[in-house]
Each structure stands twice: as C-alpha cells, then as structure tokens.
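Raw my_file_21.tsv, TSV, C-alpha atoms and all ligand atoms:
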```
chain	number	residue	atom	x	y	z
R	1	MET	CA	3.52	14.38	11.32
R	2	SER	CA	0.74	13.96	13.81
R	3	PHE	CA	-1.39	10.94	14.52
R	4	LEU	CA	-5.13	11.19	14.44
R	5	TRP	CA	-6.74	10.31	17.72
R	6	ALA	CA	-5.33	9.07	20.93
R	7	PHE	CA	-7.35	5.98	21.51
R	8	HIS	CA	-9.30	4.95	24.52
R	9	THR	CA	-8.70	1.28	24.14
R	10	ILE	CA	-10.18	-0.44	27.10
R	11	ARG	CA	-10.45	-3.66	25.20
R	12	GLU	CA	-9.40	-5.96	28.02
R	13	ARG	CA	-12.43	-5.11	30.12
R	14	ARG	CA	-15.31	-4.81	27.81
R	15	VAL	CA	-17.79	-3.02	30.03
R	16	ILE	CA	-20.56	-1.66	27.89
R	17	SER	CA	-21.86	1.70	29.04
R	18	ILE	CA	-25.16	3.11	27.90
R	19	LEU	CA	-27.26	6.21	28.42
R	20	VAL	CA	-30.68	4.58	28.21
R	21	ALA	CA	-31.95	1.82	30.53
R	22	SER	CA	-35.24	0.07	31.32
R	23	THR	CA	-36.78	0.25	34.77
R	24	ASP	CA	-38.68	-2.51	36.62
R	25	ASN	CA	-41.98	-1.26	35.22
R	26	GLY	CA	-40.71	-1.31	31.67
R	27	SER	CA	-40.31	2.41	31.09
R	28	LEU	CA	-37.07	3.88	29.72
R	29	VAL	CA	-34.80	6.28	31.54
R	30	TYR	CA	-32.63	8.64	29.49
R	31	LEU	CA	-29.48	10.17	30.91
R	32	THR	CA	-29.45	13.27	28.76
R	33	GLY	CA	-28.20	15.72	31.32
R	34	THR	CA	-31.66	16.76	32.55
R	35	HIS	CA	-31.34	15.12	35.99
R	36	THR	CA	-29.31	16.41	38.91
R	37	LYS	CA	-26.78	14.11	40.53
R	38	GLU	CA	-28.96	13.99	43.66
R	39	GLU	CA	-31.98	12.87	41.62
R	40	LEU	CA	-29.92	10.17	39.99
R	41	ALA	CA	-28.53	8.99	43.31
R	42	ALA	CA	-32.06	8.76	44.70
R	43	ALA	CA	-33.28	6.84	41.63
R	44	ARG	CA	-30.41	4.42	42.02
R	45	ARG	CA	-31.55	3.50	45.54
R	46	LYS	CA	-35.13	2.87	44.46
R	47	THR	CA	-34.91	1.31	41.02
R	48	GLN	CA	-33.44	-1.74	39.33
R	49	PHE	CA	-32.18	-0.89	35.86
R	50	SER	CA	-31.61	-3.24	32.97
R	51	CYS	CA	-30.21	-3.01	29.45
R	52	PRO	CA	-33.03	-2.54	26.92
R	53	THR	CA	-31.14	-4.69	24.42
R	54	CYS	CA	-29.84	-7.74	26.28
R	55	GLY	CA	-31.97	-7.48	29.43
R	56	SER	CA	-29.05	-7.92	31.81
R	57	SER	CA	-28.69	-5.76	34.91
R	58	VAL	CA	-26.99	-2.41	34.63
R	59	ILE	CA	-25.77	-0.08	37.36
R	60	LEU	CA	-26.41	3.63	37.30
R	61	LYS	CA	-23.04	5.30	37.76
R	62	VAL	CA	-22.91	8.88	38.93
R	63	GLY	CA	-19.39	10.09	39.41
R	64	GLU	CA	-17.52	13.37	39.53
R	65	VAL	CA	-15.62	13.04	36.30
R	66	LYS	CA	-17.53	10.84	33.92
R	67	THR	CA	-20.85	11.51	32.31
R	68	PRO	CA	-23.53	9.66	34.34
R	69	HIS	CA	-24.20	6.36	32.62
R	70	PHE	CA	-25.44	2.82	33.04
R	71	ALA	CA	-22.80	0.08	33.10
R	72	HIS	CA	-23.50	-3.60	32.54
R	73	LYS	CA	-22.87	-5.46	35.80
R	74	ASN	CA	-21.08	-8.32	34.15
R	75	LEU	CA	-18.44	-8.29	31.47
R	76	SER	CA	-20.76	-8.08	28.60
R	77	HIS	CA	-21.09	-9.25	25.08
R	78	CYS	CA	-24.08	-7.05	24.56
R	79	ALA	CA	-23.86	-7.42	20.82
R	80	SER	CA	-25.51	-4.33	19.49
R	81	TYR	CA	-22.76	-1.81	20.15
R	82	SER	CA	-19.62	-1.09	18.24
R	83	GLU	CA	-18.01	0.59	21.19
R	84	ALA	CA	-17.02	-0.39	24.73
R	85	GLU	CA	-16.86	2.00	27.63
R	86	SER	CA	-15.04	5.26	27.16
R	87	SER	CA	-15.83	8.55	28.79
R	88	MET	CA	-15.06	10.38	25.57
R	89	HIS	CA	-17.69	8.28	23.81
R	90	LEU	CA	-20.39	8.92	26.43
R	91	HIS	CA	-19.61	12.61	26.69
R	92	GLY	CA	-19.51	13.06	22.91
R	93	LYS	CA	-22.71	11.12	22.39
R	94	LEU	CA	-24.48	13.38	24.83
R	95	LEU	CA	-23.13	16.57	23.26
R	96	LEU	CA	-24.13	15.35	19.82
R	97	TYR	CA	-27.59	14.51	21.17
R	98	GLN	CA	-27.89	18.07	22.45
R	99	PHE	CA	-26.61	19.44	19.17
R	100	PHE	CA	-29.33	17.64	17.19
R	101	LEU	CA	-32.01	18.75	19.67
R	102	SER	CA	-30.86	22.34	19.19
R	103	GLN	CA	-31.53	21.89	15.47
R	104	ASN	CA	-35.16	20.99	16.25
R	105	LEU	CA	-34.74	17.49	14.90
R	106	THR	CA	-36.18	14.24	16.18
R	107	VAL	CA	-33.31	12.53	17.98
R	108	GLU	CA	-33.42	9.05	19.45
R	109	LEU	CA	-30.59	8.13	21.78
R	110	GLU	CA	-29.16	4.61	21.52
R	111	LYS	CA	-31.85	3.51	19.10
R	112	TYR	CA	-32.03	-0.26	18.79
R	113	PHE	CA	-32.80	-2.04	15.51
R	114	PRO	CA	-33.89	-5.57	16.50
R	115	VAL	CA	-33.84	-7.02	12.97
R	116	ILE	CA	-30.17	-6.23	12.40
R	117	ARG	CA	-29.33	-6.33	16.13
R	118	GLN	CA	-27.55	-3.01	15.99
R	119	ARG	CA	-27.90	0.00	18.15
R	120	ALA	CA	-27.16	3.41	16.72
R	121	ASP	CA	-25.63	5.98	19.04
R	122	LEU	CA	-28.20	8.42	17.69
R	123	LEU	CA	-30.99	8.23	15.16
R	124	ILE	CA	-32.00	11.48	13.50
R	125	ASN	CA	-35.46	11.96	11.99
R	126	GLN	CA	-35.87	8.17	11.87
R	127	HIS	CA	-33.60	7.84	8.85
R	128	THR	CA	-30.03	8.84	9.72
R	129	ALA	CA	-27.91	6.83	12.14
R	130	ILE	CA	-25.02	8.65	13.79
R	131	GLU	CA	-22.17	6.41	14.87
R	132	PHE	CA	-19.72	8.20	17.10
R	133	GLN	CA	-16.66	5.96	17.04
R	134	CYS	CA	-13.87	6.62	19.50
R	135	SER	CA	-11.94	3.36	19.54
R	136	PRO	CA	-10.49	1.45	16.61
R	137	ILE	CA	-12.69	-1.29	15.23
R	138	PRO	CA	-12.01	-3.54	12.23
R	139	ALA	CA	-12.77	-1.77	8.97
R	140	ALA	CA	-14.95	-4.76	8.06
R	141	GLN	CA	-17.15	-4.07	11.06
R	142	ILE	CA	-17.68	-0.49	9.94
R	143	MET	CA	-18.76	-1.75	6.52
R	144	GLU	CA	-21.04	-4.39	8.06
R	145	ARG	CA	-22.74	-1.90	10.34
R	146	THR	CA	-23.25	0.57	7.51
R	147	LEU	CA	-24.71	-2.23	5.39
R	148	GLY	CA	-27.02	-3.26	8.25
R	149	TYR	CA	-28.45	0.24	8.43
R	150	THR	CA	-28.74	0.48	4.66
R	151	ARG	CA	-30.86	-2.68	4.71
R	152	SER	CA	-33.10	-0.95	7.25
R	153	ALA	CA	-33.42	2.06	4.91
R	154	VAL	CA	-31.25	4.13	7.23
R	155	GLN	CA	-28.34	6.26	6.11
R	156	THR	CA	-25.20	6.22	8.31
R	157	ILE	CA	-22.91	9.07	9.27
R	158	TRP	CA	-19.69	8.02	10.97
R	159	ILE	CA	-18.09	10.58	13.24
R	160	GLY	CA	-14.69	9.85	14.71
R	161	GLY	CA	-13.89	10.78	18.28
R	162	LEU	CA	-11.08	13.25	18.75
R	163	SER	CA	-9.45	13.38	22.18
R	164	GLU	CA	-7.12	16.31	21.49
R	165	PRO	CA	-7.55	19.28	19.16
R	166	LEU	CA	-5.99	19.00	15.72
R	167	ALA	CA	-3.97	21.81	14.22
R	168	GLU	CA	-5.86	23.52	11.43
R	169	GLY	CA	-4.57	23.77	7.90
R	170	ILE	CA	-2.89	21.58	5.34
R	171	GLN	CA	-0.73	18.84	6.78
R	172	GLU	CA	0.32	15.22	6.68
R	173	LEU	CA	-1.76	12.84	8.80
R	174	LYS	CA	-1.98	9.12	9.44
R	175	LEU	CA	-5.26	7.52	8.51
R	176	THR	CA	-5.45	3.84	9.32
R	177	HIS	CA	-7.77	1.48	7.48
R	178	TRP	CA	-10.64	1.65	9.90
R	179	LYS	CA	-10.67	5.42	9.77
R	180	LYS	CA	-10.61	5.27	6.02
R	181	GLU	CA	-13.77	3.19	6.17
R	182	MET	CA	-15.44	6.09	7.98
R	183	LEU	CA	-14.93	8.54	5.13
R	184	LEU	CA	-18.03	10.39	4.06
R	185	GLU	CA	-18.57	11.35	0.44
R	186	THR	CA	-19.55	14.66	-0.99
R	187	GLN	CA	-19.80	14.95	-4.75
R	188	LYS	CA	-17.25	12.15	-4.95
R	189	SER	CA	-14.81	14.02	-2.74
R	190	PRO	CA	-14.32	12.05	0.47
R	191	TYR	CA	-13.69	13.57	3.86
R	192	LEU	CA	-13.50	12.48	7.45
R	193	LEU	CA	-15.75	14.05	10.07
R	194	LEU	CA	-14.45	14.14	13.63
R	195	PHE	CA	-15.88	15.48	16.83
R	196	SER	CA	-14.02	16.68	19.91
R	197	PRO	CA	-16.22	16.45	23.03
R	198	LYS	CA	-13.63	18.40	25.00
R	199	GLU	CA	-14.13	21.44	22.77
R	200	ASN	CA	-17.66	20.67	21.54
R	201	ARG	CA	-16.26	21.16	18.07
R	202	PHE	CA	-16.35	19.34	14.73
R	203	TYR	CA	-13.23	18.77	12.67
R	204	TYR	CA	-13.14	18.09	8.96
R	205	CYS	CA	-10.25	16.30	7.28
R	206	SER	CA	-10.87	16.93	3.61
R	207	ASN	CA	-9.16	17.23	0.23
R	208	LEU	CA	-7.34	14.00	0.89
R	209	ILE	CA	-4.25	13.23	-1.14
R	210	TYR	CA	-2.76	9.81	-0.64
R	211	ILE	CA	0.99	9.38	-0.12
R	212	SER	CA	1.61	5.74	0.89
R	213	GLY	CA	0.95	3.32	3.73
R	214	SER	CA	-1.40	5.19	6.01
R	215	ARG	CA	0.06	8.60	5.13
R	216	TRP	CA	-2.19	11.24	3.66
R	217	ILE	CA	-2.07	14.95	3.03
R	218	VAL	CA	-5.25	16.56	4.29
R	219	LYS	CA	-6.79	19.90	5.00
R	220	VAL	CA	-8.03	20.23	8.58
R	221	LYS	CA	-10.73	22.74	9.37
R	222	SER	CA	-12.83	22.96	12.50
R	223	LEU	CA	-16.31	24.21	13.25
R	224	ALA	CA	-17.81	24.84	16.70
R	225	ALA	CA	-20.98	22.84	17.39
R	226	SER	CA	-22.79	26.15	17.83
R	227	LYS	CA	-21.95	27.04	14.19
R	228	GLN	CA	-22.75	23.60	12.80
R	229	GLN	CA	-25.99	22.79	10.98
R	230	PHE	CA	-27.78	19.65	9.86
R	231	PRO	CA	-27.45	18.23	7.23
R	232	PHE	CA	-23.84	18.83	8.22
R	233	ALA	CA	-21.78	21.50	6.50
R	234	VAL	CA	-19.60	19.91	3.81
R	235	PRO	CA	-16.01	20.89	2.99
R	236	LYS	CA	-15.32	23.04	-0.02
R	237	GLN	CA	-13.40	21.77	-3.03
R	238	MET	CA	-9.74	22.67	-2.68
R	239	THR	CA	-8.59	25.87	-4.32
R	240	LEU	CA	-5.61	26.12	-6.67
R	241	ALA	CA	-3.59	27.77	-3.88
R	242	GLU	CA	-4.41	24.90	-1.51
R	243	PHE	CA	-3.55	22.38	-4.17
R	244	LYS	CA	-0.16	24.06	-4.62
R	245	THR	CA	0.55	23.72	-0.90
R	246	MET	CA	-0.63	20.12	-0.91
R	247	SER	CA	1.38	19.17	-3.98
R	248	GLY	CA	4.39	20.84	-2.34
R	249	LEU	CA	4.04	18.44	0.60
R	250	PHE	CA	3.49	15.57	-1.78
R	251	ASP	CA	6.60	16.50	-3.71
R	252	HIS	CA	8.59	16.57	-0.48
R	253	ALA	CA	7.43	13.00	0.32
R	254	ARG	CA	8.27	11.98	-3.26
R	255	LYS	CA	11.83	13.30	-2.92
R	256	LYS	CA	12.26	11.52	0.39
R	257	PHE	CA	11.19	8.26	-1.21
R	258	ILE	CA	13.70	8.69	-4.04
R	259	ILE	CA	16.53	9.58	-1.65
R	260	ALA	CA	15.70	6.52	0.46
R	261	GLN	CA	16.24	4.41	-2.67
R	262	TYR	CA	19.88	5.61	-2.87
R	263	TYR	CA	20.49	3.76	0.37
R	264	SER	CA	18.75	0.60	-0.76
R	265	LYS	CA	20.99	-2.34	0.17
R	266	ASN	CA	20.18	-4.64	-2.70
R	267	ARG	CA	19.84	-2.64	-5.88
R	268	VAL	CA	19.47	-5.71	-8.06
R	269	GLN	CA	16.37	-6.82	-6.24
R	270	ASN	CA	15.01	-3.35	-5.61
R	271	PRO	CA	12.15	-2.87	-8.14
R	272	PHE	CA	12.75	0.89	-8.31
R	273	TRP	CA	16.44	0.53	-9.26
R	274	ARG	CA	15.72	-2.34	-11.60
R	275	THR	CA	12.97	-0.52	-13.47
R	276	CYS	CA	15.06	2.67	-13.75
R	277	TYR	CA	17.96	0.62	-15.05
R	278	GLU	CA	15.84	-1.20	-17.63
R	279	MET	CA	14.35	2.06	-18.82
R	280	GLY	CA	17.71	3.85	-18.88
R	281	ILE	CA	16.52	6.44	-16.37
R	282	ASP	CA	19.06	8.24	-14.20
R	283	ILE	CA	17.40	8.16	-10.79
R	284	ARG	CA	18.80	11.58	-9.91
R	285	ASN	CA	16.83	12.83	-12.90
R	286	LEU	CA	13.60	10.97	-12.55
R	287	PRO	CA	11.00	12.66	-14.77
R	288	LYS	CA	8.74	14.94	-12.73
R	289	ALA	CA	5.69	13.25	-14.21
R	290	ILE	CA	6.58	10.05	-12.36
R	291	GLY	CA	5.26	10.26	-8.81
R	292	LEU	CA	2.18	12.46	-9.15
R	293	PRO	CA	-0.68	12.82	-6.70
R	294	MET	CA	-3.60	10.82	-8.04
R	295	LYS	CA	-7.17	10.51	-6.89
R	296	ASN	CA	-7.88	6.97	-5.60
R	297	ALA	CA	-4.15	6.24	-5.37
R	298	ASP	CA	-4.83	4.40	-2.10
R	299	LEU	CA	-6.13	1.50	-4.21
R	300	ILE	CA	-2.50	0.65	-4.82
R	301	ASN	CA	-0.34	-0.62	-2.03
R	302	CYS	CA	2.98	0.99	-2.87
R	303	ASN	CA	4.58	4.37	-3.32
R	304	ALA	CA	3.29	6.47	-6.22
R	305	VAL	CA	6.83	6.86	-7.63
R	306	LEU	CA	7.22	3.10	-7.93
R	307	TRP	CA	3.85	2.13	-9.36
R	308	GLN	CA	3.83	5.04	-11.78
R	309	LEU	CA	7.32	4.12	-12.94
R	310	GLN	CA	6.14	0.56	-13.50
R	311	ALA	CA	3.01	1.78	-15.29
R	312	VAL	CA	5.15	3.87	-17.67
R	313	GLU	CA	7.50	0.97	-18.27
R	314	ALA	CA	4.60	-1.39	-19.01
R	315	ALA	CA	3.05	1.15	-21.40
R	316	CYS	CA	6.39	1.44	-23.25
R	317	LYS	CA	6.41	-2.32	-23.67
R	318	GLY	CA	2.81	-2.32	-24.88
R	319	ILE	CA	1.52	-4.08	-21.77
R	320	THR	CA	-2.04	-3.07	-20.92
R	321	ALA	CA	-3.04	-1.77	-17.50
R	322	ALA	CA	-5.22	-4.86	-17.05
R	323	SER	CA	-2.35	-7.30	-17.58
R	324	LEU	CA	-0.04	-5.19	-15.46
R	325	ILE	CA	-2.53	-5.40	-12.55
R	326	ARG	CA	-3.09	-9.12	-13.18
R	327	SER	CA	0.66	-9.77	-13.08
R	328	GLY	CA	0.73	-8.55	-9.49
R	329	LYS	CA	3.69	-6.30	-10.24
R	330	ILE	CA	1.67	-3.40	-8.91
R	331	PRO	CA	0.25	-4.53	-5.56
R	332	VAL	CA	-3.44	-3.67	-5.39
R	333	HIS	CA	-4.95	-3.17	-1.98
R	334	LYS	CA	-6.87	-6.30	-1.08
R	335	SER	CA	-10.18	-4.53	-0.63
R	336	ALA	CA	-9.88	-2.83	-4.02
R	337	ALA	CA	-11.35	-4.17	-7.22
R	338	ALA	CA	-8.91	-4.85	-10.05
R	339	LYS	CA	-11.11	-2.80	-12.41
R	340	GLU	CA	-10.73	0.29	-10.25
R	341	ALA	CA	-6.96	-0.14	-10.09
R	342	GLU	CA	-6.83	-0.52	-13.87
R	343	ALA	CA	-8.82	2.69	-14.29
R	344	LEU	CA	-6.39	4.43	-11.96
R	345	VAL	CA	-3.36	3.25	-13.95
R	346	GLU	CA	-5.00	4.29	-17.24
R	347	SER	CA	-5.95	7.63	-15.80
R	348	TYR	CA	-2.38	8.17	-14.63
R	349	LEU	CA	-0.95	7.24	-18.02
R	350	SER	CA	-3.17	9.77	-19.76
R	351	LEU	CA	-1.89	12.44	-17.36
R	352	TYR	CA	1.69	11.29	-17.89
R	353	GLU	CA	1.25	11.75	-21.65
R	354	LYS	CA	0.18	15.37	-21.07
R	355	LEU	CA	2.99	16.19	-18.66
R	356	LYS	CA	5.98	14.18	-19.81
R	357	GLY	CA	8.82	16.24	-21.09
R	358	LYS	CA	7.39	19.36	-19.46
R	359	SER	CA	9.35	20.92	-16.63
R	360	ASN	CA	7.31	21.54	-13.53
R	361	GLN	CA	8.77	25.04	-13.54
R	362	VAL	CA	6.78	25.76	-16.68
R	363	SER	CA	3.80	27.95	-15.90
R	364	GLY	CA	0.64	25.99	-16.18
R	365	TYR	CA	2.15	22.71	-14.98
R	366	THR	CA	0.51	22.83	-11.56
R	367	ASN	CA	-2.67	24.23	-13.07
R	368	LEU	CA	-2.85	21.26	-15.39
R	369	LEU	CA	-2.25	18.90	-12.50
R	370	TYR	CA	-4.89	20.71	-10.45
R	371	ASP	CA	-7.45	20.60	-13.23
R	372	PHE	CA	-6.80	16.92	-13.67
R	373	TYR	CA	-7.01	16.20	-9.97
R	374	CYS	CA	-10.23	18.11	-9.51
R	375	LYS	CA	-11.80	16.68	-12.65
R	376	THR	CA	-11.17	13.19	-11.38
R	377	LEU	CA	-12.63	14.02	-7.97
R	401	ZN	ZN	-26.87	-5.08	27.13
```

As structure tokens:
Amino acid sequence: MSFLWAFHTIRERRVISILVASTDNGSLVYLTGTHTKEELAAARRKTQFSCPTCGSSVILKVGEVKTPHFAHKNLSHCASYSEAESSMHLHGKLLLYQFFLSQNLTVELEKYFPVIRQRADLLINQHTAIEFQCSPIPAAQIMERTLGYTRSAVQTIWIGGLSEPLAEGIQELKLTHWKKEMLLETQKSPYLLLFSPKENRFYYCSNLIYISGSRWIVKVKSLAASKQQFPFAVPKQMTLAEFKTMSGLFDHARKKFIIAQYYSKNRVQNPFWRTCYEMGIDIRNLPKAIGLPMKNADLINCNAVLWQLQAVEAACKGITAASLIRSGKIPVHKSAAAKEAEALVESYLSLYEKLKGKSNQVSGYTNLLYDFYCKTL
C-alpha cells in the first residue's frame, strides 16, 4: 500500500511565500518566469517590495533551486493563504499558471478577495478559484475556504500537490480526511485531482471504493499538462473489468478483516463474534453478501463486514435502519448526517436481499454488484 503525498510540512516556521508583490509606487510585480535572474537581482537592489494583502515587507528571493518568490520578512500570520512556504507549492502554482495561459484563459495569480479575506492561488476567467494544496490542512478549513468562494460566486477546484509520481492503475491508497475534503464531483462520482510539479503532470484518483479507516481502492491515471484541457478532463466511469479488479482487492481486505477476528482476544466483547454467535453464523462461512463494497460507505466509521452484519441482524429483528443508527451501534462518521447513513444501510439491505443465498461463483453475481454500484454512483 502506498501513501499519497510526502508532505512538505514546514509548520514550525510559517514563512509565507508569494509570487506577486507591490512596489513602492503601488504597482504589482508578478514572478511568472518572464524575468531573468539578473533582472530580478537588479530589481531587488532598487525596490522595496511589500505583500499586497497584509502590507508587510517581503524580500525577493532568487536562488538556484527554488522558484524565485517573495518571502515575508517576519514570521507571518498573513491570513489569506492556506499554505505556508514550500518549493513544491510555488513551482506547481507557476506551472499551473502557465498551463492556464496556454489554454488562452484569463488567469490571475494569487488573486485576493478582500470581503472573505482569502487569496486564491489562481483565479480562472474570474469565476473559478484553483487551490493547489501541498501540505495537510484541517478538513474544516478546506470546507470553509470553499464556502467563502461560493459566497463570492466563485467555484473552487482543489488540486493536491504530489511530490513523487504515483503508480498507475488500480490499487489501495490512503486518503486522510483533509484529502477527502478535496474530492471533486463528476456526475456524483467523486475523484481526487493531483498535480506533480516535478513531472508537470496531473494525476486522477477515481472510482473510489472505501475499505475502512483511511483505506480506499482507487484507480490512478495520469495526464501530462500538455495533454490536459480546461474545463479539466474528467475520469471515466469504471468498466465491469475494472470493477472486477477492484472488488477483488476489496474481497482481499474483507478476508483479512475476518481472519484478524480469529485472533481477537476477547470474543465475548468483540461485536463481530457476538453478532455472529447471536445469529448462529459460522464465521468461517460468513455469507458473501456480508461485507460488500458500497457507495458512500465512508459515512460509517467501521469495517463493512461489521456494519453490514449488524444491519442484517437488526433487519432480522425488525429494527429499522433509523433506530439502528440512533442506537449508535453502527458508528457514523461525525461529519455525516444520520439521514445519509440510514439511506446507506437501507440501500445495503436491498442489495443483500438480492444477493443472499447466491454464491459469488454464480455467473452474474459480480455483474449484479457492478450494476448496483454504478447505479448508486
Ligand atoms: Zn502578507
């Protein structure tokens, strides 16, 4: 399993770097790669630069390695940014700027919105904010920033920074909460858009299937910036063949969960053992229809095998999905609404009814699962 993103967490020294600064006479200077290093060095000797947002002094930095940028002189709380200094962020922002220019679009670099006190990395055609996020920020902050732009009639596209290339294809990945907040939607099918400045390449993590914790099964596909378009290309719906591969990985994770239960120290208190016991289920023969990949399964904070087992048990006892959720027996993720979790449980139970008693060797089993999964997308 690989982890998404190696982070540039320079949290302890929050130096805010920018690519646009004001000069003494009030004009703006853009570091968009059009100046030579000599020109920049000369400008640095002659001009005092300041941050267009907070007004404090900034220093023009022209080095060998990093993208030329302005750095706040003092440890800054310049409030409008979501991101502190990172060379990946500066480099990526500049490459994205150049990408949008190549598309003949109106691009504003580090566009400030005074009313909401936010600065977008890029603003496209005055209505789309691009946030290129390289370091982890609280998921709540991502929501807040998106909401701020929405209030200013601006749509937001979050792009995650990728420091190393990702392998292409279907695989298991870790997606922590803040990255989940960055998911983009296409026809109700969410995906994550990443950008690797090192390769000048976009990466799509799509066709997400939730396992548990921060584990997901995703399809990774990349696209060179030179092949990209705007509005951005969107991932295709997964094919039946892809779904088979993905459900194979899911099934593997399911088996591992069940095996781990064998080694559970306290079987009396273990909810999996207890529920199996109460339902008279031999855990070595757990019905295949318990532990299925479900759309929106990340609303629930426990393994699919366990919550689906509990959903089936509750249904047998005539307990509704609503009271099951209310009882807290199935832990709902704190950001999720109870109504959504109820719908998920009900949706699962309807699938269970279709599949129970069927062997997954039977032809059509995976097709049925696929149809259901895609219909609920
Ligand atoms: Zn500032």

From the list R:Val312, R:Cys54, R:Ala43, R:Cys276, the nearest residue to R:Arg117 using all atoms listed in the file is R:Cys54

Taking into account only C-alpha atoms, which residue in the set R:Val107, R:Ile283, R:Leu351, R:Ala322 is nearest to R:Tyr365?
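Between R:Val107, R:Ile283, R:Leu351, R:Ala322, the residue approaching R:Tyr365 most closely is R:Leu351.
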
Counting only C-alpha atoms and all ligand atoms, what are the residues, protein, DNA or RNA alike, that approach ligand ZN 401 (chain R) to within 6 Å? I want them as a list in words.
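Here is the list of contacting residues: Cys51, Thr53, Cys54, Ser56 and Cys78 of chain R.
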
For each of R:Leu166, R:Leu95, R:Leu183, R:Leu173, take the minimum atom-to-atom distance to R:Ser226, counting all atoms listed in the file, then give the residue where this is smallest.
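Nearest to R:Ser226: R:Leu95.
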
Would you list the contacts of R:Lys61 as an NGL selection string, taking every protein, DNA or RNA residue within 8 Å and counting all atoms listed in the file, but skipping same-chain residues closer than 6 positions in sequence?
:R and (68-71)

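Using all atoms listed in the file for every distance, the candidate list R:Glu131, R:Ile281, R:Lys317, R:Ile325 yields R:Ile325 as the residue closest to R:Glu340.
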
Compare R:Tyr373, R:Phe99, R:Tyr204, R:Tyr149 by their minimum atom-to-atom distance to R:Lys111, counting all atoms listed in the file, and give me the closest one.
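Looking at the shortest contact to R:Lys111, the residue is R:Tyr149.
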
Work out how far atom CA of R:His72 is from atom CA of R:Ser135, in Å to one decimal.
18.7 Å

Shortest interatomic distance to R:Tyr262 - which of R:Gln118, R:Gln155, R:Phe243, R:Arg284, counting all atoms listed in the file:
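Under the stated criterion, the closest residue is R:Arg284.
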
Can we get stretch 45-62 of chain R of that structure written down with N, CA, C and O atoms, as a short mmCIF file (atom, residue, chain, number, x, y, z; two decimals), in the first residue's frame?
```cif
data_model
loop_
_atom_site.label_atom_id
_atom_site.label_comp_id
_atom_site.auth_asym_id
_atom_site.auth_seq_id
_atom_site.Cartn_x
_atom_site.Cartn_y
_atom_site.Cartn_z
N ARG R 45 17.76 45.26 -5.68
CA ARG R 45 18.62 46.33 -5.15
C ARG R 45 17.89 47.66 -5.15
O ARG R 45 18.12 48.50 -4.29
N LYS R 46 16.99 47.84 -6.12
CA LYS R 46 16.37 49.16 -6.31
C LYS R 46 15.03 49.33 -5.59
O LYS R 46 14.62 50.43 -5.28
N THR R 47 14.33 48.22 -5.38
CA THR R 47 12.92 48.35 -4.99
C THR R 47 12.62 47.72 -3.64
O THR R 47 13.19 46.69 -3.28
N GLN R 48 11.71 48.35 -2.92
CA GLN R 48 11.16 47.78 -1.69
C GLN R 48 9.86 47.07 -2.07
O GLN R 48 8.99 47.70 -2.68
N PHE R 49 9.74 45.81 -1.69
CA PHE R 49 8.50 45.09 -2.02
C PHE R 49 7.67 44.86 -0.76
O PHE R 49 8.22 44.70 0.33
N SER R 50 6.37 44.84 -0.96
CA SER R 50 5.51 44.52 0.18
C SER R 50 4.38 43.59 -0.25
O SER R 50 4.08 43.45 -1.44
N CYS R 51 3.80 42.93 0.75
CA CYS R 51 2.72 41.97 0.47
C CYS R 51 1.45 42.74 0.13
O CYS R 51 1.04 43.61 0.89
N PRO R 52 0.82 42.44 -1.01
CA PRO R 52 -0.39 43.17 -1.38
C PRO R 52 -1.55 42.94 -0.41
O PRO R 52 -2.49 43.72 -0.37
N THR R 53 -1.48 41.88 0.38
CA THR R 53 -2.58 41.57 1.28
C THR R 53 -2.40 42.24 2.64
O THR R 53 -3.25 42.99 3.09
N CYS R 54 -1.25 41.98 3.30
CA CYS R 54 -1.11 42.46 4.67
C CYS R 54 -0.22 43.70 4.75
O CYS R 54 -0.12 44.34 5.78
N GLY R 55 0.43 44.06 3.64
CA GLY R 55 1.21 45.29 3.60
C GLY R 55 2.59 45.17 4.23
O GLY R 55 3.38 46.10 4.15
N SER R 56 2.92 44.04 4.82
CA SER R 56 4.23 43.94 5.46
C SER R 56 5.32 43.69 4.41
O SER R 56 5.03 43.27 3.29
N SER R 57 6.56 43.98 4.81
CA SER R 57 7.67 43.88 3.86
C SER R 57 7.92 42.43 3.44
O SER R 57 7.82 41.51 4.25
N VAL R 58 8.25 42.29 2.18
CA VAL R 58 8.64 40.97 1.69
C VAL R 58 9.98 41.09 0.97
O VAL R 58 10.32 42.16 0.45
N ILE R 59 10.74 40.00 0.98
CA ILE R 59 12.05 40.00 0.33
C ILE R 59 11.97 39.17 -0.94
O ILE R 59 11.41 38.05 -0.93
N LEU R 60 12.53 39.71 -2.00
CA LEU R 60 12.58 38.95 -3.25
C LEU R 60 13.72 37.95 -3.14
O LEU R 60 14.87 38.32 -2.93
N LYS R 61 13.38 36.68 -3.26
CA LYS R 61 14.41 35.64 -3.13
C LYS R 61 14.66 35.00 -4.48
O LYS R 61 13.73 34.47 -5.11
N VAL R 62 15.91 35.05 -4.90
CA VAL R 62 16.29 34.46 -6.18
C VAL R 62 17.41 33.47 -5.89
O VAL R 62 18.52 33.87 -5.60
#
```
